[in-house]
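Undergrad: My file is entry.cif. It has mmCIF, C-alpha atoms:
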```cif
data_entry
loop_
_atom_site.label_atom_id
_atom_site.label_comp_id
_atom_site.auth_asym_id
_atom_site.auth_seq_id
_atom_site.Cartn_x
_atom_site.Cartn_y
_atom_site.Cartn_z
CA MET G 1 150.94 131.08 77.67
CA PHE G 2 154.41 129.76 76.85
CA GLY G 3 154.09 125.99 77.14
CA SER G 4 156.73 125.63 79.82
CA VAL G 5 158.39 127.57 82.63
CA CYS G 6 158.95 131.06 81.22
CA SER G 7 162.68 131.85 81.05
CA GLU G 8 161.98 135.57 81.55
CA ARG G 9 159.34 135.22 84.27
CA GLU G 10 161.10 137.47 86.81
CA LYS G 11 161.46 140.32 84.30
CA LEU G 12 157.86 139.92 83.15
CA THR G 13 156.52 139.93 86.70
CA LYS G 14 158.53 143.06 87.50
CA VAL G 15 157.20 144.88 84.41
CA CYS G 16 153.61 143.84 85.17
CA ASN G 17 153.91 145.18 88.72
CA GLN G 18 155.34 148.48 87.44
CA VAL G 19 152.48 148.87 84.96
CA SER G 20 150.00 148.11 87.75
CA LYS G 21 151.46 150.79 90.02
CA LEU G 22 151.58 153.34 87.19
CA SER G 23 147.94 152.77 86.31
CA ALA G 24 146.90 153.36 89.94
CA ALA G 25 146.85 157.12 89.38
CA PRO G 26 143.50 157.85 87.66
CA ILE G 27 144.04 161.64 87.64
CA ARG G 28 147.11 163.00 85.90
CA PHE G 29 148.30 166.58 85.63
CA GLU G 30 148.49 166.38 81.85
CA ASP G 31 144.79 165.48 81.76
CA LEU G 32 143.85 168.36 84.08
CA PHE G 33 145.88 170.88 82.06
CA PRO G 34 145.90 169.60 78.46
CA SER G 35 146.79 173.03 77.06
CA ILE G 36 150.22 172.92 78.72
CA LYS G 37 152.40 171.14 76.18
CA GLY G 38 155.12 168.83 77.43
CA LEU G 39 153.65 168.51 80.92
CA SER G 40 153.83 164.72 80.79
CA PHE G 41 157.54 165.05 79.96
CA LEU G 42 158.13 167.38 82.90
CA THR G 43 156.35 165.04 85.32
CA GLY G 44 158.55 162.18 84.10
CA ARG G 45 155.58 160.07 83.03
CA ASP G 46 156.65 159.92 79.37
CA THR G 47 160.09 158.68 80.31
CA VAL G 48 158.70 155.97 82.57
CA LEU G 49 156.17 154.85 79.95
CA LYS G 50 158.77 154.66 77.20
CA GLY G 51 161.05 152.67 79.48
CA LEU G 52 158.27 150.20 80.29
CA VAL G 53 157.36 149.78 76.62
CA LYS G 54 160.99 148.99 75.81
CA ASP G 55 161.24 146.51 78.70
CA ILE G 56 158.07 144.73 77.56
CA ASP G 57 159.27 144.62 73.94
CA ASP G 58 162.71 143.32 74.89
CA VAL G 59 161.39 140.50 77.07
CA LEU G 60 158.73 139.35 74.62
CA ASP G 61 161.19 139.58 71.71
CA ILE G 62 163.45 137.15 73.57
CA LEU G 63 160.59 134.70 74.15
CA ILE G 64 159.42 134.87 70.54
CA ALA G 65 162.98 134.39 69.24
CA GLN G 66 163.43 131.34 71.48
CA ARG G 67 160.33 129.72 70.00
CA GLU G 68 161.06 130.72 66.39
CA ASN G 69 164.53 129.19 66.66
CA GLY G 70 163.01 125.92 67.82
CA THR G 71 162.00 123.15 65.43
CA THR G 72 158.28 122.97 66.29
CA PHE G 73 155.54 125.08 67.79
CA ASP G 74 153.38 123.54 70.49
CA ASP G 75 149.64 123.65 69.77
CA GLU G 76 148.91 123.61 73.48
CA ASP G 77 150.13 127.11 74.34
CA LEU G 78 149.19 130.58 73.18
CA LEU G 79 152.58 131.66 71.85
CA GLY G 80 152.91 128.57 69.66
CA LEU G 81 149.41 129.06 68.26
CA LEU G 82 150.04 132.71 67.41
CA LEU G 83 153.31 131.87 65.68
CA LYS G 84 151.53 129.23 63.60
CA ILE G 85 148.99 131.84 62.55
CA LYS G 86 151.81 134.25 61.67
CA THR G 87 153.60 131.73 59.45
CA GLY G 88 150.36 130.65 57.78
CA GLU G 89 150.74 127.10 59.05
CA ILE G 90 147.13 127.22 60.18
CA TYR G 91 144.13 129.21 58.92
CA ASN G 92 145.81 129.41 55.49
CA ALA G 93 147.27 132.81 56.30
CA LYS G 94 143.81 134.40 56.27
CA LEU G 95 144.76 136.05 59.54
CA GLN G 96 147.92 138.04 58.90
CA ILE G 97 149.64 139.04 62.14
CA THR G 98 153.10 140.29 63.02
CA ASN G 99 155.34 139.95 66.06
CA HIS G 100 153.98 143.32 67.17
CA ASN G 101 150.45 141.86 67.23
CA ILE G 102 151.66 138.77 69.06
CA LYS G 103 153.34 140.83 71.78
CA ALA G 104 150.24 142.99 72.22
CA ILE G 105 147.94 139.96 72.59
CA ILE G 106 150.23 138.18 75.04
CA PHE G 107 150.81 141.20 77.26
CA GLU G 108 147.10 142.08 77.21
CA LEU G 109 146.38 138.69 78.78
CA LEU G 110 149.56 138.45 80.83
CA LEU G 111 148.98 141.65 82.83
CA PRO G 112 145.62 140.65 84.36
CA ALA G 113 146.81 137.07 84.77
CA THR G 114 149.86 138.17 86.76
CA VAL G 115 148.45 141.00 88.84
CA THR G 116 144.71 140.32 89.05
CA VAL G 117 144.92 136.58 89.71
CA ALA G 118 147.33 137.14 92.60
CA ASP G 119 144.96 139.69 94.16
CA VAL G 120 141.88 137.47 93.70
CA VAL G 121 143.64 134.44 95.24
CA GLU G 122 145.04 136.37 98.20
CA TRP G 123 141.74 138.06 99.12
CA ALA G 124 139.79 134.80 98.70
CA MET G 125 142.26 132.98 100.94
CA VAL G 126 142.07 135.75 103.55
CA GLN G 127 138.29 135.64 103.70
CA ILE G 128 138.05 131.85 103.67
CA ILE G 129 140.68 131.54 106.43
CA ARG G 130 138.86 134.20 108.49
CA HIS G 131 135.61 132.24 108.35
CA PRO G 132 136.14 128.69 109.70
CA GLN G 133 132.68 127.49 108.62
CA VAL G 134 133.37 128.62 105.06
CA LEU G 135 136.78 126.92 105.14
CA LYS G 136 135.13 123.70 106.31
CA GLN G 137 132.63 123.75 103.45
CA VAL G 138 135.36 124.48 100.88
CA LYS G 139 137.45 121.53 102.05
CA GLU G 140 134.44 119.21 102.22
CA GLU G 141 133.49 120.11 98.65
CA LEU G 142 137.04 119.54 97.41
CA LYS G 143 137.20 116.17 99.15
CA ARG G 144 133.85 115.13 97.69
CA VAL G 145 134.54 116.28 94.12
CA LEU G 146 138.14 115.07 93.85
CA ASP G 147 137.62 111.83 95.80
CA GLY G 148 141.31 111.15 96.38
CA LYS G 149 142.60 112.36 92.99
CA GLN G 150 145.95 114.13 93.08
CA GLU G 151 145.44 116.36 90.03
CA ILE G 152 142.58 118.80 89.47
CA SER G 153 141.00 118.96 86.02
CA GLY G 154 138.74 121.51 84.38
CA SER G 155 135.79 119.16 84.67
CA ASP G 156 136.45 118.90 88.42
CA LEU G 157 136.50 122.68 88.73
CA GLU G 158 133.09 122.97 87.07
CA LYS G 159 131.58 120.90 89.91
CA MET G 160 132.96 123.14 92.68
CA GLU G 161 129.89 125.31 93.16
CA TYR G 162 130.80 126.53 96.64
CA LEU G 163 134.32 127.55 95.58
CA HIS G 164 132.78 129.56 92.72
CA MET G 165 130.51 131.27 95.24
CA CYS G 166 133.50 132.15 97.45
CA VAL G 167 135.35 133.74 94.52
CA LYS G 168 132.28 135.77 93.52
CA GLU G 169 131.81 137.00 97.07
CA SER G 170 135.50 137.82 97.45
CA THR G 171 135.59 139.86 94.21
CA ARG G 172 132.42 141.67 95.30
CA LEU G 173 134.12 142.84 98.49
CA HIS G 174 137.63 143.22 97.06
CA PRO G 175 137.42 144.00 93.33
CA ALA G 176 140.56 143.68 91.25
CA ALA G 177 139.84 147.20 89.94
CA PRO G 178 137.98 149.36 92.52
CA LEU G 179 137.67 152.11 89.91
CA LEU G 180 136.83 150.54 86.56
CA PHE G 181 138.73 151.78 83.54
CA PRO G 182 137.46 155.22 82.50
CA ARG G 183 134.97 155.69 79.69
CA GLU G 184 134.54 158.76 77.51
CA ALA G 185 131.03 160.14 76.89
CA ARG G 186 130.40 160.17 73.13
CA GLU G 187 127.51 162.59 73.54
CA GLU G 188 125.97 164.78 76.22
CA PHE G 189 123.45 163.04 78.48
CA GLN G 190 121.85 163.26 81.90
CA ILE G 191 121.92 161.01 84.95
CA ASP G 192 119.32 162.10 87.50
CA ASN G 193 119.83 165.87 87.66
CA TYR G 194 123.44 165.85 86.47
CA THR G 195 124.45 166.81 82.94
CA ILE G 196 127.40 164.84 81.62
CA PRO G 197 129.11 166.85 78.85
CA LYS G 198 130.31 165.17 75.69
CA GLY G 199 133.94 164.09 76.01
CA SER G 200 133.81 163.71 79.81
CA TRP G 201 135.78 160.93 81.43
CA ILE G 202 133.51 158.72 83.52
CA MET G 203 134.93 156.72 86.41
CA THR G 204 132.78 153.89 87.82
CA ASN G 205 133.35 153.21 91.51
CA TYR G 206 132.69 149.49 91.61
CA TRP G 207 134.03 149.22 95.17
CA ALA G 208 131.00 151.29 96.24
CA ILE G 209 128.58 149.28 94.09
CA GLY G 210 129.80 146.03 95.63
CA ARG G 211 129.11 147.37 99.13
CA ASP G 212 125.87 149.22 98.43
CA PRO G 213 123.30 148.25 101.12
CA GLU G 214 120.46 148.93 98.67
CA ILE G 215 121.77 146.09 96.50
CA TRP G 216 123.43 143.73 98.96
CA PRO G 217 122.02 142.75 102.37
CA ASN G 218 124.75 143.00 105.03
CA PRO G 219 127.17 144.28 102.38
CA ASP G 220 130.31 144.21 104.57
CA GLN G 221 129.80 140.58 105.56
CA PHE G 222 131.58 137.79 103.67
CA ASP G 223 128.69 135.48 102.81
CA PRO G 224 129.16 133.15 99.80
CA GLU G 225 125.66 131.75 100.41
CA ARG G 226 124.17 134.92 98.91
CA PHE G 227 125.04 133.42 95.51
CA ARG G 228 123.35 130.07 96.20
CA ASN G 229 120.84 129.31 93.39
CA SER G 230 121.83 132.55 91.67
CA ASN G 231 122.64 132.85 87.97
CA MET G 232 124.77 135.95 88.59
CA ASP G 233 128.21 135.63 86.99
CA LEU G 234 131.39 137.70 86.72
CA ASN G 235 131.17 138.33 82.97
CA GLY G 236 129.54 141.74 83.22
CA ASN G 237 126.01 140.53 82.52
CA HIS G 238 124.69 141.72 85.90
CA PHE G 239 125.49 145.31 86.79
CA GLU G 240 125.45 144.54 90.52
CA LEU G 241 128.53 142.34 90.04
CA ILE G 242 130.98 143.85 87.56
CA PRO G 243 134.42 143.68 89.22
CA PHE G 244 135.97 143.19 85.76
CA GLY G 245 133.84 145.73 83.96
CA THR G 246 131.12 145.19 81.40
CA GLY G 247 130.43 145.67 77.73
CA ARG G 248 132.86 145.35 74.86
CA ARG G 249 135.70 146.88 76.85
CA ARG G 250 135.46 144.72 79.93
CA CYS G 251 138.62 142.90 81.06
CA PRO G 252 139.63 140.54 78.22
CA GLY G 253 141.09 138.04 80.67
CA ILE G 254 138.00 137.37 82.83
CA SER G 255 137.60 133.68 82.00
CA PHE G 256 141.34 133.05 81.94
CA GLY G 257 142.00 134.89 85.21
CA ILE G 258 139.07 133.50 87.21
CA THR G 259 139.75 129.93 86.06
CA GLU G 260 143.42 130.29 87.00
CA ALA G 261 142.49 131.72 90.41
CA GLU G 262 140.03 128.91 91.11
CA PHE G 263 142.58 126.26 90.08
CA LEU G 264 145.10 127.78 92.49
CA LEU G 265 142.62 128.03 95.35
CA ALA G 266 141.40 124.46 94.81
CA ALA G 267 144.97 123.12 94.80
CA LEU G 268 146.06 125.15 97.84
CA PHE G 269 143.10 124.14 99.99
CA TYR G 270 143.01 120.53 98.76
CA HIS G 271 146.67 119.64 99.27
CA PHE G 272 147.37 121.71 102.40
CA ASP G 273 145.94 122.82 105.68
CA TRP G 274 146.93 126.35 106.66
CA GLU G 275 148.05 127.87 109.95
CA LEU G 276 148.67 131.47 110.94
CA PRO G 277 152.12 132.29 112.35
CA GLY G 278 152.90 133.58 115.82
CA GLY G 279 149.67 132.47 117.46
CA ILE G 280 147.58 134.92 115.42
CA THR G 281 143.88 134.08 115.28
CA PRO G 282 141.88 134.46 112.03
CA ASP G 283 140.02 137.53 113.31
CA GLN G 284 143.38 139.26 113.93
CA ILE G 285 144.47 139.21 110.28
CA ASP G 286 145.23 142.78 109.15
CA MET G 287 142.62 143.66 106.51
CA THR G 288 144.01 147.13 105.75
CA GLU G 289 143.79 147.88 102.03
CA LEU G 290 146.46 149.57 99.95
CA PHE G 291 145.38 151.35 96.80
CA ASP G 292 147.34 150.21 93.75
CA ALA G 293 145.83 149.44 90.37
CA GLY G 294 143.57 147.29 92.53
CA CYS G 295 142.73 146.94 96.20
CA ILE G 296 145.52 144.84 97.69
CA LEU G 297 146.45 143.92 101.23
CA LYS G 298 148.79 146.47 102.75
CA ASN G 299 150.53 143.65 104.63
CA PRO G 300 150.62 140.49 102.49
CA LEU G 301 148.96 137.41 103.91
CA THR G 302 151.39 135.05 105.66
CA LEU G 303 150.37 131.42 106.17
CA ILE G 304 152.15 128.20 107.08
CA PRO G 305 151.29 125.19 104.88
CA VAL G 306 150.72 121.90 106.68
CA VAL G 307 150.44 118.60 104.81
CA PRO G 308 147.38 116.71 106.09
CA GLU G 309 148.06 113.30 107.60
CA ASN G 310 145.44 111.55 105.48
#
```
Is it possible to express this structure as structure tokens?

TA:
Amino acid sequence: MFGSVCSEREKLTKVCNQVSKLSAAPIRFEDLFPSIKGLSFLTGRDTVLKGLVKDIDDVLDILIAQRENGTTFDDEDLLGLLLKIKTGEIYNAKLQITNHNIKAIIFELLLPATVTVADVVEWAMVQIIRHPQVLKQVKEELKRVLDGKQEISGSDLEKMEYLHMCVKESTRLHPAAPLLFPREAREEFQIDNYTIPKGSWIMTNYWAIGRDPEIWPNPDQFDPERFRNSNMDLNGNHFELIPFGTGRRRCPGISFGITEAEFLLAALFYHFDWELPGGITPDQIDMTELFDAGCILKNPLTLIPVVPEN
């Protein structure tokens, strides 16, 4: 995103977490009683939202100013590329964007990258650690693909079929967004015997789809092998597996977020062995979920990294 360690990373992470918690409430009083003017002000939601918008603007303004005051823009990061487009240095100014556009694009990608990636990595690690045979296969694949290399490249990641399968299976069981973002019906229609009026908000319960026994055999079991020789992906092309939504309004950061999560998982399992503290066994890990913007572990996973001897 920024080409180096972000100077405002703590503030950005805090804002992203606040936005995540705020978006965890799908039903709001102002939506239930739209005729009551000023209800969002009375509930305090407007004040919180305006404060978050200002915080986001302030932090991103600082980052943009830091780059604009520099002598060059780096082609290798998103912020530098967007600033080059803004100044007309590339694309001959055919794309005219402002700092407002730049901040919107960056935050749109930053939010899922900060919140979603962390959830995907944590749940995948929990499930892999809880299943020793899966852990063994992950480490064997990493050892075979990397063959002693210290750094992991994108081309290496493409060869890690079993790791991809683990991430798919983890997001099936623990979707980043259990309730997909709401959609509004543009016209009245029917599903089975139900009439959906025009203008209705439709909430898709993907958590239930991912555990539907009519779709998935042994739905509560973590089994990456179910994706062996399957062309099913996470891009919303298969309605059985849409943890990031589908259609034009699916999560814009799918490729970015999943690639980042897989890089992290590959590095963590390649460079370290992991032990549970206090004599806890894998089957004793607390799997209680806490509802936020996504399904997260109520008690964060705690592991001890151990550097392998060879």

Undergrad: Once the PyMOL selection byres ((chain G and resi 52-63) around 8) has been evaluated on this model, what residues remain selected, and can you format them as a ChimeraX atom specification?

TA: /G:7-8,11-12,15,18-19,48-51,64-67,103

Undergrad: What does the PyMOL selection byres ((chain G and resi 248-262) around 8) select in this file, as a list of chain:residue names?

TA: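 Selected by the PyMOL selection byres ((chain G and resi 248-262) around 8) in this file: G:Glu108, G:Leu109, G:Pro112, G:Ala113, G:Thr116, G:Val117, G:Ala118, G:Val120, G:Val121, G:Leu157, G:Leu163, G:His164, G:Val167, G:Leu234, G:Asn235, G:Gly236, G:Phe244, G:Gly245, G:Thr246, G:Gly247, G:Phe263, G:Leu264, G:Leu265, G:Ala266.
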
Undergrad: Using C-alpha atoms, can you write the selected residues to a file as a compact mmCIF listing (two decimals), in the frame of the given file?

TA:
```txt
# COMPACT_ATOMS: atom_id res chain seq x y z
CA GLU G 108 147.10 142.08 77.21
CA LEU G 109 146.38 138.69 78.78
CA PRO G 112 145.62 140.65 84.36
CA ALA G 113 146.81 137.07 84.77
CA THR G 116 144.71 140.32 89.05
CA VAL G 117 144.92 136.58 89.71
CA ALA G 118 147.33 137.14 92.60
CA VAL G 120 141.88 137.47 93.70
CA VAL G 121 143.64 134.44 95.24
CA LEU G 157 136.50 122.68 88.73
CA LEU G 163 134.32 127.55 95.58
CA HIS G 164 132.78 129.56 92.72
CA VAL G 167 135.35 133.74 94.52
CA LEU G 234 131.39 137.70 86.72
CA ASN G 235 131.17 138.33 82.97
CA GLY G 236 129.54 141.74 83.22
CA PHE G 244 135.97 143.19 85.76
CA GLY G 245 133.84 145.73 83.96
CA THR G 246 131.12 145.19 81.40
CA GLY G 247 130.43 145.67 77.73
CA PHE G 263 142.58 126.26 90.08
CA LEU G 264 145.10 127.78 92.49
CA LEU G 265 142.62 128.03 95.35
CA ALA G 266 141.40 124.46 94.81
```

Undergrad: Please expand the PyMOL selection byres ((chain G and resi 140) around 12) into the concrete residues it hits in this file, giving the result as a PDB file with C-alpha atoms, keeping the file's coordinate frame.

TA:
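Saved result, selection-v5.pdb, follows:
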```pdb
ATOM      1  CA  GLN G 133     132.680 127.490 108.620  1.00  0.00           C
ATOM      2  CA  VAL G 134     133.370 128.620 105.060  1.00  0.00           C
ATOM      3  CA  LEU G 135     136.780 126.920 105.140  1.00  0.00           C
ATOM      4  CA  LYS G 136     135.130 123.700 106.310  1.00  0.00           C
ATOM      5  CA  GLN G 137     132.630 123.750 103.450  1.00  0.00           C
ATOM      6  CA  VAL G 138     135.360 124.480 100.880  1.00  0.00           C
ATOM      7  CA  LYS G 139     137.450 121.530 102.050  1.00  0.00           C
ATOM      8  CA  GLU G 141     133.490 120.110  98.650  1.00  0.00           C
ATOM      9  CA  LEU G 142     137.040 119.540  97.410  1.00  0.00           C
ATOM     10  CA  LYS G 143     137.200 116.170  99.150  1.00  0.00           C
ATOM     11  CA  ARG G 144     133.850 115.130  97.690  1.00  0.00           C
ATOM     12  CA  VAL G 145     134.540 116.280  94.120  1.00  0.00           C
ATOM     13  CA  LEU G 146     138.140 115.070  93.850  1.00  0.00           C
ATOM     14  CA  ASP G 147     137.620 111.830  95.800  1.00  0.00           C
ATOM     15  CA  MET G 160     132.960 123.140  92.680  1.00  0.00           C
ATOM     16  CA  GLU G 161     129.890 125.310  93.160  1.00  0.00           C
ATOM     17  CA  TYR G 162     130.800 126.530  96.640  1.00  0.00           C
ATOM     18  CA  LEU G 163     134.320 127.550  95.580  1.00  0.00           C
ATOM     19  CA  ALA G 266     141.400 124.460  94.810  1.00  0.00           C
ATOM     20  CA  PHE G 269     143.100 124.140  99.990  1.00  0.00           C
ATOM     21  CA  TYR G 270     143.010 120.530  98.760  1.00  0.00           C
TER      22      TYR G 270
END
```

Undergrad: Just how far from CA of Glu68 (chain G) is CA of Gly80 (chain G), in Å to one decimal?

TA: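 Computing the Euclidean distance for CA of Gly80 (chain G) and CA of Glu68 (chain G) yields 9.0 Å.
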
Undergrad: Go through G:Gly38, G:Pro197, G:Pro300, G:Gly3 one by one, measure the shortest atom-to-atom distance of each to Ala185 (chain G) using only C-alpha atoms, and give the residue with the smallest value.

TA: G:Pro197

Undergrad: Measuring between all atoms listed in the file, which one of G:Pro219, G:Gly279, G:Gly44, G:Pro132 shows the shortest distance to Ile304 (chain G)?

TA: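 Checking each candidate against Ile304 (chain G), we get G:Gly279 as the closest.
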
Undergrad: So which residues are close to (153.5, 142.9, 65.5), meaning at most 12 Å away in the file's coordinates with all atoms listed in the file counted, and can you show them as a list in words?

TA: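 Collected hits near the coordinates: Asp57, Leu60, Asp61, Ile64, Leu82, Leu83, Lys86, Gln96, Ile97, Thr98, Asn99, His100, Asn101, Ile102, Lys103, Ala104, Ile105 and Ile106 of chain G.
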
Undergrad: Generate the output file for the selected residues, C-alpha atoms, as a JSON list (two decimals), in the coordinates of the input.

TA:
```json
[["chain", "number", "residue", "atom", "x", "y", "z"],
["G", 57, "ASP", "CA", 159.27, 144.62, 73.94],
["G", 60, "LEU", "CA", 158.73, 139.35, 74.62],
["G", 61, "ASP", "CA", 161.19, 139.58, 71.71],
["G", 64, "ILE", "CA", 159.42, 134.87, 70.54],
["G", 82, "LEU", "CA", 150.04, 132.71, 67.41],
["G", 83, "LEU", "CA", 153.31, 131.87, 65.68],
["G", 86, "LYS", "CA", 151.81, 134.25, 61.67],
["G", 96, "GLN", "CA", 147.92, 138.04, 58.90],
["G", 97, "ILE", "CA", 149.64, 139.04, 62.14],
["G", 98, "THR", "CA", 153.10, 140.29, 63.02],
["G", 99, "ASN", "CA", 155.34, 139.95, 66.06],
["G", 100, "HIS", "CA", 153.98, 143.32, 67.17],
["G", 101, "ASN", "CA", 150.45, 141.86, 67.23],
["G", 102, "ILE", "CA", 151.66, 138.77, 69.06],
["G", 103, "LYS", "CA", 153.34, 140.83, 71.78],
["G", 104, "ALA", "CA", 150.24, 142.99, 72.22],
["G", 105, "ILE", "CA", 147.94, 139.96, 72.59],
["G", 106, "ILE", "CA", 150.23, 138.18, 75.04]]
```

Undergrad: What's the separation between CA of Leu179 (chain G) and CA of Ile202 (chain G), in Å to one decimal place?

TA: 10.1 Å

Undergrad: To one decimal place, how far is CA of Pro305 (chain G) from CA of Gln284 (chain G) in Å?

TA: 18.5 Å

Undergrad: May I ask which of the residues G:Arg172, G:Arg183, G:His131, G:Lys84 is the closest one to Arg226 (chain G), counting all atoms listed in the file?

TA: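 Closest residue, counting all atoms listed in the file: G:Arg172.
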
Undergrad: Quick one: everything within 9 Å of Ile285 (chain G), counting only C-alpha atoms, minus sequence neighbours fewer than 3 positions away in the same chain. Send it as a list in words.

TA: Val126, Arg130, Leu276, Ile280, Thr281, Pro282 and Leu301 of chain G

Undergrad: Please provide as a JSON list (two decimals) with C-alpha atoms, in the frame of the given file all residues within 9 Å of region 173-178 of chain G, with the sequence filter that same-chain residues fewer than 5 positions apart are discarded (counting all atoms listed in the file).

TA:
```json
[["chain", "number", "residue", "atom", "x", "y", "z"],
["G", 115, "VAL", "CA", 148.45, 141.00, 88.84],
["G", 116, "THR", "CA", 144.71, 140.32, 89.05],
["G", 117, "VAL", "CA", 144.92, 136.58, 89.71],
["G", 119, "ASP", "CA", 144.96, 139.69, 94.16],
["G", 120, "VAL", "CA", 141.88, 137.47, 93.70],
["G", 123, "TRP", "CA", 141.74, 138.06, 99.12],
["G", 124, "ALA", "CA", 139.79, 134.80, 98.70],
["G", 168, "LYS", "CA", 132.28, 135.77, 93.52],
["G", 204, "THR", "CA", 132.78, 153.89, 87.82],
["G", 205, "ASN", "CA", 133.35, 153.21, 91.51],
["G", 206, "TYR", "CA", 132.69, 149.49, 91.61],
["G", 207, "TRP", "CA", 134.03, 149.22, 95.17],
["G", 208, "ALA", "CA", 131.00, 151.29, 96.24],
["G", 210, "GLY", "CA", 129.80, 146.03, 95.63],
["G", 211, "ARG", "CA", 129.11, 147.37, 99.13],
["G", 219, "PRO", "CA", 127.17, 144.28, 102.38],
["G", 220, "ASP", "CA", 130.31, 144.21, 104.57],
["G", 221, "GLN", "CA", 129.80, 140.58, 105.56],
["G", 222, "PHE", "CA", 131.58, 137.79, 103.67],
["G", 242, "ILE", "CA", 130.98, 143.85, 87.56],
["G", 243, "PRO", "CA", 134.42, 143.68, 89.22],
["G", 244, "PHE", "CA", 135.97, 143.19, 85.76],
["G", 245, "GLY", "CA", 133.84, 145.73, 83.96],
["G", 291, "PHE", "CA", 145.38, 151.35, 96.80],
["G", 292, "ASP", "CA", 147.34, 150.21, 93.75],
["G", 293, "ALA", "CA", 145.83, 149.44, 90.37],
["G", 294, "GLY", "CA", 143.57, 147.29, 92.53],
["G", 295, "CYS", "CA", 142.73, 146.94, 96.20],
["G", 296, "ILE", "CA", 145.52, 144.84, 97.69]]
```

Undergrad: Ranking G:Met287, G:Leu241, G:Val306, G:Ile152 by minimum distance to Ala267 (chain G) and counting all atoms listed in the file, which one comes first?

TA: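 Answer, going by the shortest atom-to-atom distance: G:Ile152.
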